[in-house]
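Peer 1: Have a look at this one before I ask anything.
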Amino acid sequence: MENSEAMALTAALLAAAGDLTKRINDGVVARGFEGRPAFGFAFTRLAPDGATVTDLAAHLGVTKQAASQLVDELVRKGYAERRPHPVDARARLVVLTELGWACTRAAEEAALEAVRPWVELLGESEVRVLCDRLRRIAPYGPIRPTW
């Protein structure tokens with residue numbers, strides 16, 4: 001593979017990721033939820049059983065202070081709540097509320113809409129192959145924004 005081909009591939013993947021993030025966020029907002037892409041990245045760590053602010057900071061690749069500010073915003077908007085940690089009396093567990101779960105479901109619906117044009121363009125079988133290939137090369141770990 002030539003350098004220019006590698007750059008074209010990386011540019012296409014990054015553009016697709018950015019477009020998906022925007023389309024999903026726009027779809028969530030269109031369904032009546034107030035938010036921004038950072039909420040979705042946080043929700044992936046808070047679901048299904050919650051997380052501490054420290055866990056969330058590690059997941060997002062941000063400082064504990066930044067994660068704490070994000071949690072404050074999620075709590076203010078009603079998407080999450082702080083609860084006593086079941087095994088660590090010093091820690092608080094941040095969990096999604098029913099509104100947070102509803103927002104997550106809206107994101108799943110928006111994701112389906114976001115990839116529908118791919119299916120129309122490439123066909124369902126090609127999109128399944130694309131998904132399989134991306135899973136084979138994608139790193140295991142948190143899905144985090146590139147701030």
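The chains in the structure tokens are called A, B, ... from first to last as shown; in each chain the residues are counted from 1, and the ligands are counted from 1 in the order shown.
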Tell me, counting only C-alpha atoms, for each residue of region 76-100 of chain A within 10 Å of region 15-38 of chain A, which pair of atoms is nearest and how far apart they are in Å to one decimal, in rows ordered by chain and increasing number, as a Markdown table.
Peer 2:
```
| residue | atom | partner | partner_atom | distance |
| --- | --- | --- | --- | --- |
| A:Lys77 | CA | A:Glu34 | CA | 8.0 |
| A:Tyr79 | CA | A:Gly35 | CA | 9.7 |
| A:Leu99 | CA | A:Phe33 | CA | 9.0 |
| A:Gly100 | CA | A:Phe33 | CA | 9.5 |
```
Peer 1: Please, could you write that set of residues out with all heavy atoms as a PDB file, in the first residue's frame?
Peer 2:
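Output below, filename selection_3.pdb:
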```pdb
ATOM      1  N   LYS A  77     -29.421  17.268  33.821  1.00  0.00           N
ATOM      2  CA  LYS A  77     -30.367  17.059  32.716  1.00  0.00           C
ATOM      3  C   LYS A  77     -31.264  15.845  32.933  1.00  0.00           C
ATOM      4  O   LYS A  77     -32.139  15.565  32.137  1.00  0.00           O
ATOM      5  CB  LYS A  77     -29.606  16.950  31.399  1.00  0.00           C
ATOM      6  CG  LYS A  77     -28.933  18.266  31.013  1.00  0.00           C
ATOM      7  CD  LYS A  77     -28.270  18.181  29.678  1.00  0.00           C
ATOM      8  CE  LYS A  77     -27.525  19.435  29.315  1.00  0.00           C
ATOM      9  NZ  LYS A  77     -28.290  20.657  29.296  1.00  0.00           N
ATOM     10  N   TYR A  79     -30.339  12.574  33.038  1.00  0.00           N
ATOM     11  CA  TYR A  79     -29.925  11.352  32.357  1.00  0.00           C
ATOM     12  C   TYR A  79     -29.239  10.343  33.274  1.00  0.00           C
ATOM     13  O   TYR A  79     -29.172   9.163  32.958  1.00  0.00           O
ATOM     14  CB  TYR A  79     -28.971  11.684  31.203  1.00  0.00           C
ATOM     15  CG  TYR A  79     -29.619  12.450  30.081  1.00  0.00           C
ATOM     16  CD1 TYR A  79     -29.147  13.700  29.701  1.00  0.00           C
ATOM     17  CD2 TYR A  79     -30.712  11.928  29.396  1.00  0.00           C
ATOM     18  CE1 TYR A  79     -29.732  14.410  28.666  1.00  0.00           C
ATOM     19  CE2 TYR A  79     -31.304  12.634  28.362  1.00  0.00           C
ATOM     20  CZ  TYR A  79     -30.820  13.868  28.000  1.00  0.00           C
ATOM     21  OH  TYR A  79     -31.414  14.566  26.989  1.00  0.00           O
ATOM     22  N   LEU A  99     -34.693   8.184  31.879  1.00  0.00           N
ATOM     23  CA  LEU A  99     -34.493   9.126  30.774  1.00  0.00           C
ATOM     24  C   LEU A  99     -33.186   8.810  30.041  1.00  0.00           C
ATOM     25  O   LEU A  99     -33.121   8.880  28.807  1.00  0.00           O
ATOM     26  CB  LEU A  99     -34.492  10.568  31.288  1.00  0.00           C
ATOM     27  CG  LEU A  99     -34.360  11.659  30.231  1.00  0.00           C
ATOM     28  CD1 LEU A  99     -35.552  11.638  29.275  1.00  0.00           C
ATOM     29  CD2 LEU A  99     -34.221  13.026  30.894  1.00  0.00           C
ATOM     30  N   GLY A 100     -32.142   8.459  30.786  1.00  0.00           N
ATOM     31  CA  GLY A 100     -30.871   8.083  30.165  1.00  0.00           C
ATOM     32  C   GLY A 100     -31.009   6.841  29.297  1.00  0.00           C
ATOM     33  O   GLY A 100     -30.453   6.771  28.199  1.00  0.00           O
TER      34      GLY A 100
END
```
Peer 1: Please identify which residues in region 72-103 of chain A DSSP calls helix (DSSP H, G or I) from the backbone, and express them as a list in words.
Peer 2: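 Matching residues for helix (DSSP H, G or I) in region 72-103 of chain A are Asp72, Glu73, Leu74, Val75, Arg76, Glu98, Leu99, Gly100, Trp101, Ala102 and Cys103 of chain A.
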Peer 1: Residues of region 28-109 of chain A that approach region 114-117 of chain A to 12 Å or less, counting only C-alpha atoms: could you list each one with the shortest pair of atoms and its distance in Å to one decimal, rows by chain and increasing residue number, as CSV?
Peer 2:
```
residue,atom,partner,partner_atom,distance
A:Val28,CA,A:Ala114,CA,11.2
A:Ala107,CA,A:Ala114,CA,10.0
A:Glu108,CA,A:Ala114,CA,9.7
A:Glu109,CA,A:Ala114,CA,8.7
```
Peer 1: Just to be explicit: take each residue in the selection above, keep N, CA, C and O atoms, and write the result as a tab-separated table (two decimals), in the first residue's frame.
Peer 2:
```tsv
chain	number	residue	atom	x	y	z
A	28	VAL	N	-30.69	11.76	17.82
A	28	VAL	CA	-31.07	11.79	19.23
A	28	VAL	C	-31.77	13.11	19.54
A	28	VAL	O	-32.83	13.14	20.18
A	107	ALA	N	-30.62	6.68	20.55
A	107	ALA	CA	-29.33	6.61	19.84
A	107	ALA	C	-29.25	5.34	19.00
A	107	ALA	O	-28.71	5.36	17.88
A	108	GLU	N	-29.77	4.23	19.52
A	108	GLU	CA	-29.77	2.99	18.74
A	108	GLU	C	-30.63	3.14	17.48
A	108	GLU	O	-30.24	2.70	16.40
A	109	GLU	N	-31.79	3.79	17.62
A	109	GLU	CA	-32.65	4.03	16.45
A	109	GLU	C	-31.94	4.95	15.46
A	109	GLU	O	-31.99	4.73	14.24
```
Peer 1: Mind giving me the straight-line distance from CA of Leu60 (chain A) to CA of Glu73 (chain A) in Å, one decimal?
Peer 2: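 We find that CA of Leu60 (chain A) and CA of Glu73 (chain A) lie 15.4 Å from each other.
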Peer 1: For Thr97 (chain A), which residue out of A:Leu121, A:Ala138, A:Leu13, A:Leu46 is the nearest one, using only C-alpha atoms?
Peer 2: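 Among the listed residues, A:Leu46 lies closest to Thr97 (chain A).
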Peer 1: If you run DSSP over the backbone, which residues in region 5-84 of chain A end up strand (DSSP E)? Put them as an NGL selection string.
Peer 2: :A and (80-84)
Peer 1: Kindly export the residues of the current selection with C-alpha atoms, as an mmCIF file, in the first residue's frame.
Peer 2:
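Listing of selection_18.cif after writing:
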```cif
data_model
loop_
_atom_site.group_PDB
_atom_site.id
_atom_site.type_symbol
_atom_site.label_atom_id
_atom_site.label_comp_id
_atom_site.auth_asym_id
_atom_site.auth_seq_id
_atom_site.Cartn_x
_atom_site.Cartn_y
_atom_site.Cartn_z
ATOM 1 C CA ALA A 80 -27.961 9.934 35.291
ATOM 2 C CA GLU A 81 -27.948 9.844 39.060
ATOM 3 C CA ARG A 82 -25.366 9.229 41.737
ATOM 4 C CA ARG A 83 -25.933 6.337 44.128
ATOM 5 C CA PRO A 84 -23.916 4.843 46.968
#
```
Peer 1: As a PyMOL selection string, please: the residues near Ala91 (chain A) (cut-off 10 Å, only C-alpha atoms, same-chain neighbours under 4 positions excluded).
Peer 2: chain A and resi 51-54+82-87
